[in-house]
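Everything below belongs to protein_37.pdb, which stores PDB, C-alpha atoms.
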```pdb
ATOM      1  CA  MET A 263     106.066  98.257 120.136
ATOM      2  CA  LEU A 264     107.364  95.190 121.946
ATOM      3  CA  TYR A 265     104.680  92.981 120.350
ATOM      4  CA  ARG A 266     105.758  93.794 116.796
ATOM      5  CA  LYS A 267     109.434  93.139 117.538
ATOM      6  CA  THR A 268     108.558  89.799 119.118
ATOM      7  CA  ALA A 269     106.313  88.916 116.191
ATOM      8  CA  LEU A 270     109.105  89.660 113.743
ATOM      9  CA  ARG A 271     111.546  87.495 115.666
ATOM     10  CA  VAL A 272     109.079  84.602 115.665
ATOM     11  CA  ALA A 273     107.682  85.047 112.167
ATOM     12  CA  ALA A 274     110.834  85.625 110.158
ATOM     13  CA  PRO A 275     112.680  82.331 110.837
ATOM     14  CA  VAL A 276     109.667  80.158 109.999
ATOM     15  CA  ALA A 277     108.324  82.361 107.176
ATOM     16  CA  VAL A 278     104.874  82.558 108.741
ATOM     17  CA  LEU A 279     103.291  85.952 108.320
ATOM     18  CA  ALA A 280     100.651  87.281 110.690
ATOM     19  CA  LEU A 281      97.989  89.231 108.854
ATOM     20  CA  ALA A 282      96.685  92.241 110.775
ATOM     21  CA  LEU A 283      93.968  93.815 108.665
ATOM     22  CA  THR A 284      92.808  97.261 109.689
ATOM     23  CA  ALA A 285      90.666  99.284 107.340
ATOM     24  CA  CYS A 286      90.728  96.469 104.791
ATOM     25  CA  GLY A 287      88.323  94.181 106.616
ATOM     26  CA  GLY A 288      89.292  93.634 110.249
ATOM     27  CA  GLY A 289      89.627  90.228 111.812
ATOM     28  CA  ASP A 290      89.958  88.423 115.102
ATOM     29  CA  ASP A 291      93.292  89.791 116.306
ATOM     30  CA  LYS A 292      93.698  89.087 120.020
ATOM     31  CA  LYS A 293      96.678  91.416 120.271
ATOM     32  CA  SER A 294      94.679  94.607 120.720
ATOM     33  CA  ASP A 295      97.643  96.303 122.401
ATOM     34  CA  ASP A 296      99.149  96.773 118.952
ATOM     35  CA  LYS A 297      97.544 100.095 118.012
ATOM     36  CA  LYS A 298      98.300  99.657 114.323
ATOM     37  CA  ALA A 299      96.040  96.591 114.270
ATOM     38  CA  ASP A 300      93.096  98.613 115.554
ATOM     39  CA  ALA A 301      90.835 100.498 113.186
ATOM     40  CA  PRO A 302      91.158 104.247 113.721
ATOM     41  CA  SER A 303      88.379 105.813 115.753
ATOM     42  CA  SER A 304      86.229 108.319 113.917
ATOM     43  CA  GLN A 305      85.813 110.271 117.180
ATOM     44  CA  ASN A 306      89.559 110.765 117.593
ATOM     45  CA  LYS A 307      90.345 111.671 114.012
ATOM     46  CA  PRO A 308      93.971 112.848 113.792
ATOM     47  CA  ALA A 309      94.912 116.198 112.308
ATOM     48  CA  GLU A 310      95.682 116.243 108.599
ATOM     49  CA  PRO A 311      99.354 115.414 108.069
ATOM     50  CA  SER A 312     101.945 117.748 106.579
ATOM     51  CA  VAL A 313     102.650 116.609 103.012
ATOM     52  CA  LEU A 314     106.075 116.119 101.382
ATOM     53  CA  LYS A 315     107.197 114.805  98.012
ATOM     54  CA  ALA A 316     108.832 111.381  97.758
ATOM     55  CA  GLY A 317     112.453 111.611  98.930
ATOM     56  CA  GLU A 318     112.013 114.859 100.881
ATOM     57  CA  THR A 319     113.318 114.668 104.446
ATOM     58  CA  THR A 320     111.759 115.465 107.805
ATOM     59  CA  THR A 321     113.498 115.372 111.177
ATOM     60  CA  GLY A 322     112.072 113.873 114.350
ATOM     61  CA  GLU A 323     113.098 112.738 117.825
ATOM     62  CA  VAL A 324     112.255 109.114 118.618
ATOM     63  CA  LYS A 325     112.390 107.416 122.016
ATOM     64  CA  GLU A 326     114.638 104.410 121.451
ATOM     65  CA  ASP A 327     114.843 102.113 124.477
ATOM     66  CA  LYS A 328     116.534 104.348 127.101
ATOM     67  CA  ALA A 329     117.626 107.233 124.873
ATOM     68  CA  THR A 330     116.125 109.811 122.530
ATOM     69  CA  VAL A 331     117.555 109.771 119.009
ATOM     70  CA  THR A 332     117.148 112.426 116.316
ATOM     71  CA  TYR A 333     116.572 111.006 112.844
ATOM     72  CA  ASP A 334     116.253 112.363 109.323
ATOM     73  CA  VAL A 335     113.447 110.383 107.668
ATOM     74  CA  ALA A 336     112.353 110.226 104.028
ATOM     75  CA  ALA A 337     109.863 107.955 102.277
ATOM     76  CA  GLU A 338     111.514 106.970  99.009
ATOM     77  CA  LYS A 339     109.011 104.681  97.304
ATOM     78  CA  ILE A 340     106.259 102.115  97.638
ATOM     79  CA  ASP A 341     106.689  98.769  95.902
ATOM     80  CA  VAL A 342     103.268  97.376  94.960
ATOM     81  CA  GLY A 343     103.001  93.663  94.256
ATOM     82  CA  THR A 344     100.555  91.615  92.235
ATOM     83  CA  ALA A 345      97.637  89.533  93.481
ATOM     84  CA  ALA A 346      99.630  86.354  92.716
ATOM     85  CA  GLU A 347     102.613  87.587  94.763
ATOM     86  CA  THR A 348     100.319  88.558  97.615
ATOM     87  CA  LYS A 349      98.725  85.096  97.809
ATOM     88  CA  LYS A 350     102.189  83.591  98.341
ATOM     89  CA  LEU A 351     102.925  85.944 101.255
ATOM     90  CA  VAL A 352      99.815  85.539 103.382
ATOM     91  CA  SER A 353      98.883  82.567 105.516
ATOM     92  CA  ASP A 354      95.225  82.665 104.366
ATOM     93  CA  PRO A 355      94.854  83.900 100.753
ATOM     94  CA  LYS A 356      91.064  84.238 101.214
ATOM     95  CA  GLN A 357      91.653  87.103 103.656
ATOM     96  CA  ALA A 358      93.683  88.931 101.002
ATOM     97  CA  LYS A 359      91.123  88.681  98.202
ATOM     98  CA  GLY A 360      91.098  91.938  96.228
ATOM     99  CA  LEU A 361      94.224  93.162  98.012
ATOM    100  CA  VAL A 362      97.865  93.501  97.011
ATOM    101  CA  VAL A 363     101.004  93.841  99.067
ATOM    102  CA  ALA A 364     102.619  97.311  99.273
ATOM    103  CA  THR A 365     106.017  97.967 100.875
ATOM    104  CA  ALA A 366     107.098 101.457 101.952
ATOM    105  CA  HIS A 367     110.849 102.122 101.788
ATOM    106  CA  MET A 368     112.027 104.618 104.427
ATOM    107  CA  LYS A 369     115.545 106.094 104.200
ATOM    108  CA  ILE A 370     116.520 106.924 107.780
ATOM    109  CA  THR A 371     119.684 108.602 109.069
ATOM    110  CA  HIS A 372     120.760 108.637 112.730
ATOM    111  CA  LYS A 373     121.470 112.350 113.156
ATOM    112  CA  ALA A 374     122.078 112.793 116.896
ATOM    113  CA  GLY A 375     121.922 110.822 120.133
ATOM    114  CA  ALA A 376     123.422 107.680 121.586
ATOM    115  CA  PRO A 377     123.975 104.508 119.545
ATOM    116  CA  LEU A 378     121.031 102.112 119.725
ATOM    117  CA  THR A 379     121.153  99.364 122.328
ATOM    118  CA  ASP A 380     118.251  97.423 120.807
ATOM    119  CA  THR A 381     116.458  97.107 117.482
ATOM    120  CA  PRO A 382     115.145 100.484 116.233
ATOM    121  CA  ASP A 383     111.614 101.750 116.801
ATOM    122  CA  VAL A 384     111.895 104.613 114.309
ATOM    123  CA  ALA A 385     110.020 102.839 111.493
ATOM    124  CA  GLU A 386     107.299 101.383 113.729
ATOM    125  CA  THR A 387     104.928 104.307 113.132
ATOM    126  CA  THR A 388     105.114 104.002 109.325
ATOM    127  CA  GLU A 389     101.747 103.470 107.642
ATOM    128  CA  ILE A 390     100.556 103.185 104.053
ATOM    129  CA  TYR A 391      97.343 104.870 102.929
ATOM    130  CA  ALA A 392      95.629 103.977  99.660
ATOM    131  CA  ASP A 393      92.958 106.312  98.288
ATOM    132  CA  GLY A 394      92.664 107.931 101.729
ATOM    133  CA  THR A 395      92.286 104.722 103.748
ATOM    134  CA  ARG A 396      94.939 103.067 105.867
ATOM    135  CA  GLY A 397      95.948  99.626 104.621
ATOM    136  CA  GLY A 398      96.240  96.443 106.660
ATOM    137  CA  LEU A 399      99.611  95.784 108.310
ATOM    138  CA  LEU A 400     101.358  92.615 107.126
ATOM    139  CA  ILE A 401     103.701  91.649 109.952
ATOM    140  CA  GLY A 402     106.968  89.927 109.110
ATOM    141  CA  ALA A 403     107.162  90.690 105.395
ATOM    142  CA  ALA A 404     109.303  93.839 105.120
ATOM    143  CA  GLU A 405     112.666  92.312 105.946
ATOM    144  CA  ASP A 406     112.305  89.950 102.980
ATOM    145  CA  ALA A 407     111.562  92.700 100.454
ATOM    146  CA  PRO A 408     114.324  93.695  97.996
ATOM    147  CA  GLY A 409     116.187  96.814  99.137
ATOM    148  CA  CYS A 410     115.001  96.548 102.757
ATOM    149  CA  GLU A 411     117.275  96.000 105.739
ATOM    150  CA  ASP A 412     116.444  93.685 108.629
ATOM    151  CA  GLU A 413     115.933  95.912 111.670
ATOM    152  CA  LEU A 414     116.827  92.996 113.951
ATOM    153  CA  GLU A 415     120.429  93.403 112.748
ATOM    154  CA  LEU A 416     120.668  97.138 113.504
ATOM    155  CA  GLU A 417     121.535  97.141 117.210
ATOM    156  CA  GLY A 418     124.368  99.630 117.670
ATOM    157  CA  TRP A 419     123.083 101.984 114.919
ATOM    158  CA  LYS A 420     125.041 105.183 115.527
ATOM    159  CA  LYS A 421     125.239 108.817 114.446
ATOM    160  CA  GLY A 422     125.909 109.293 110.744
ATOM    161  CA  GLU A 423     124.648 105.864 109.640
ATOM    162  CA  THR A 424     121.804 105.583 107.138
ATOM    163  CA  HIS A 425     119.593 102.528 106.661
ATOM    164  CA  VAL A 426     116.517 101.670 104.595
ATOM    165  CA  LEU A 427     113.731 100.237 106.753
ATOM    166  CA  CYS A 428     110.450  99.028 105.337
ATOM    167  CA  GLU A 429     106.893  98.413 106.420
ATOM    168  CA  THR A 430     104.533  96.217 104.424
ATOM    169  CA  TYR A 431     100.768  96.647 104.162
ATOM    170  CA  LEU A 432      97.910  95.186 102.160
ATOM    171  CA  ILE A 433      95.999  97.716 100.071
ATOM    172  CA  PRO A 434      93.085  97.383  97.637
ATOM    173  CA  GLU A 435      94.202  96.274  94.187
ATOM    174  CA  GLY A 436      94.117  99.165  91.705
ATOM    175  CA  SER A 437      94.526 101.923  94.311
ATOM    176  CA  LYS A 438      95.596 105.199  92.687
ATOM    177  CA  ASP A 439      96.467 107.678  95.453
ATOM    178  CA  LEU A 440      99.258 106.236  97.644
ATOM    179  CA  GLU A 441     100.792 107.859 100.711
ATOM    180  CA  VAL A 442     103.380 106.866 103.267
ATOM    181  CA  ARG A 443     102.686 108.370 106.691
ATOM    182  CA  TRP A 444     105.106 108.549 109.628
ATOM    183  CA  SER A 445     105.320 110.261 112.993
ATOM    184  CA  ALA A 446     108.119 110.530 115.533
ATOM    185  CA  LYS A 447     105.898 108.974 118.200
ATOM    186  CA  GLU A 448     102.670 107.013 118.362
ATOM    187  CA  ASP A 449      99.637 109.275 118.150
ATOM    188  CA  GLY A 450     101.941 112.160 117.160
ATOM    189  CA  LYS A 451     101.443 114.515 114.216
ATOM    190  CA  GLN A 452     102.015 112.607 111.006
ATOM    191  CA  ILE A 453     104.089 113.546 107.997
ATOM    192  CA  ALA A 454     102.802 112.217 104.655
ATOM    193  CA  TRP A 455     104.677 111.565 101.447
ATOM    194  CA  LYS A 456     102.773 111.347  98.171
ATOM    195  CA  VAL A 457     104.479 108.355  96.569
ATOM    196  CA  ALA A 458     103.771 106.690  93.257
ATOM    197  CA  GLY A 459     103.510 102.904  93.476
ATOM    198  CA  LYS A 460     106.082 100.948  91.449
TER
END
```

When written as structure tokens, how does the structure in this file appear?
Amino acid sequence: MLYRKTALRVAAPVAVLALALTACGGGDDKKSDDKKADAPSSQNKPAEPSVLKAGETTTGEVKEDKATVTYDVAAEKIDVGTAAETKKLVSDPKQAKGLVVATAHMKITHKAGAPLTDTPDVAETTEIYADGTRGGLLIGAAEDAPGCEDELELEGWKKGETHVLCETYLIPEGSKDLEVRWSAKEDGKQIAWKVAGK
């Protein structure tokens, strides 16, 4: 996920957000190596995820730089914004017509393994689904959301420490059925949390 880390480093200081729409309308994203920016293939439909309630914990091993780290992961909530708030966050409000920003809050504890030597990858596989469809990733927004920690400041994260990391997506306004999905590795089996939007 080198692209996303680089994008965050570039986007955050200048408050320019890159909009990567997936199921919400697509776009001309030249960075096709970022799998989250690609629409899922209907031929390679993933298995249905295991479902947990908001706040329930799952454990997974994540490859972090040169080491494997075991984490406890729980989706706590999704903050859903208004159309007016969303227009202020995106570089082109026309692309976000009919959409609102949604931020998933993930409570993550380093359970076992070496301290991190770089920014964490554990939250990189977090996705938000609205009414059964994956939203569009909004790069660079999560670290500004209330209650979210900036992953760029978490080098050295060690056993026993807990942090709240967030991922922000655009979802259709008025969506009813919200889920946070996460897996320990890209293309791995997902865990889903049924989470009410706040």

Between CA of Lys315 in chain A and CA of Gly360 in chain A, what distance in Å does the model show, to one decimal?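 Interatomic distance here is 28.0 Å.
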
Wanna dump the range 291-395 of chain A-range 405-427 of chain A contacts at 6 Å for me, each residue with its shortest atom pair and the distance in Å to one decimal, counting all atoms listed in the file, ordered by chain and number, as JSON lines?
```
{"residue": "A:Met368", "atom": "CA", "partner": "A:Leu427", "partner_atom": "CA", "distance": 5.2}
{"residue": "A:Lys369", "atom": "CA", "partner": "A:Val426", "partner_atom": "CA", "distance": 4.5}
{"residue": "A:Ile370", "atom": "CA", "partner": "A:His425", "partner_atom": "CA", "distance": 5.5}
{"residue": "A:Thr371", "atom": "CA", "partner": "A:Thr424", "partner_atom": "CA", "distance": 4.2}
{"residue": "A:His372", "atom": "CA", "partner": "A:Lys421", "partner_atom": "CA", "distance": 4.8}
{"residue": "A:Lys373", "atom": "CA", "partner": "A:Lys421", "partner_atom": "CA", "distance": 5.3}
{"residue": "A:Ala374", "atom": "CA", "partner": "A:Lys421", "partner_atom": "CA", "distance": 5.6}
{"residue": "A:Pro377", "atom": "CA", "partner": "A:Lys420", "partner_atom": "CA", "distance": 4.2}
{"residue": "A:Leu378", "atom": "CA", "partner": "A:Gly418", "partner_atom": "CA", "distance": 4.6}
{"residue": "A:Thr379", "atom": "CA", "partner": "A:Glu417", "partner_atom": "CA", "distance": 5.6}
{"residue": "A:Asp380", "atom": "CA", "partner": "A:Glu417", "partner_atom": "CA", "distance": 4.9}
{"residue": "A:Thr381", "atom": "CA", "partner": "A:Glu417", "partner_atom": "CA", "distance": 5.1}
```

Pick from A:Ala329, A:Leu314, A:Val342, A:Leu400, whichever lies nearest to Ala358 in chain A using all atoms listed in the file: A:Leu400

In terms of the shortest atom-to-atom distance over only C-alpha atoms, which of A:Ala309, A:Ile340, A:Ile453, A:Leu440 is closest to Tyr391 in chain A?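 Ranking A:Ala309, A:Ile340, A:Ile453, A:Leu440 by distance to Tyr391 in chain A, first place goes to A:Leu440.
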
Could you tell me which residues the PyMOL selection byres ((chain A and resi 366) around 8) returns for this structure, as a ChimeraX atom specification? /A:337-341,364-365,367-368,390,428-430,442

With the cut-off set at 6 Å and counting only C-alpha atoms, tabulate each residue of range 331-444 of chain A with an atom at most that distance from an atom of range 316-322 of chain A, showing the nearest atom pair and its distance in Å to one decimal, ordered by chain and increasing number, as CSV.
```
residue,atom,partner,partner_atom,distance
A:Thr332,CA,A:Gly322,CA,5.6
A:Tyr333,CA,A:Gly322,CA,5.5
A:Asp334,CA,A:Thr321,CA,4.5
A:Val335,CA,A:Thr320,CA,5.4
A:Ala336,CA,A:Thr319,CA,4.6
A:Ala337,CA,A:Gly317,CA,5.6
A:Glu338,CA,A:Gly317,CA,4.7
```

As an exercise, work out the distance from CA of Thr330 in chain A to CA of Gly397 in chain A in Å and give it to one decimal place.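 CA of Gly397 in chain A lies 28.8 Å from CA of Thr330 in chain A.
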
Within 6 Å of Gln452 in chain A using all atoms listed in the file, minus same-chain residues under 6 positions, as a PDB file with C-alpha atoms, in the frame of the given file:
```
ATOM      1  CA  PRO A 311      99.354 115.414 108.069  1.00  0.00           C
ATOM      2  CA  TRP A 444     105.106 108.549 109.628  1.00  0.00           C
ATOM      3  CA  SER A 445     105.320 110.261 112.993  1.00  0.00           C
TER       4      SER A 445
END
```

Using all atoms listed in the file, which residues sit within 8 Å of Asp439 in chain A once same-chain residues fewer than 6 positions away are excluded, as JSON, numbers by chain? {"A": [392, 393, 394, 456, 458]}

Do you have the CA of Leu351 in chain A-CA of Leu399 in chain A distance handy?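 Interatomic distance here is 12.6 Å.
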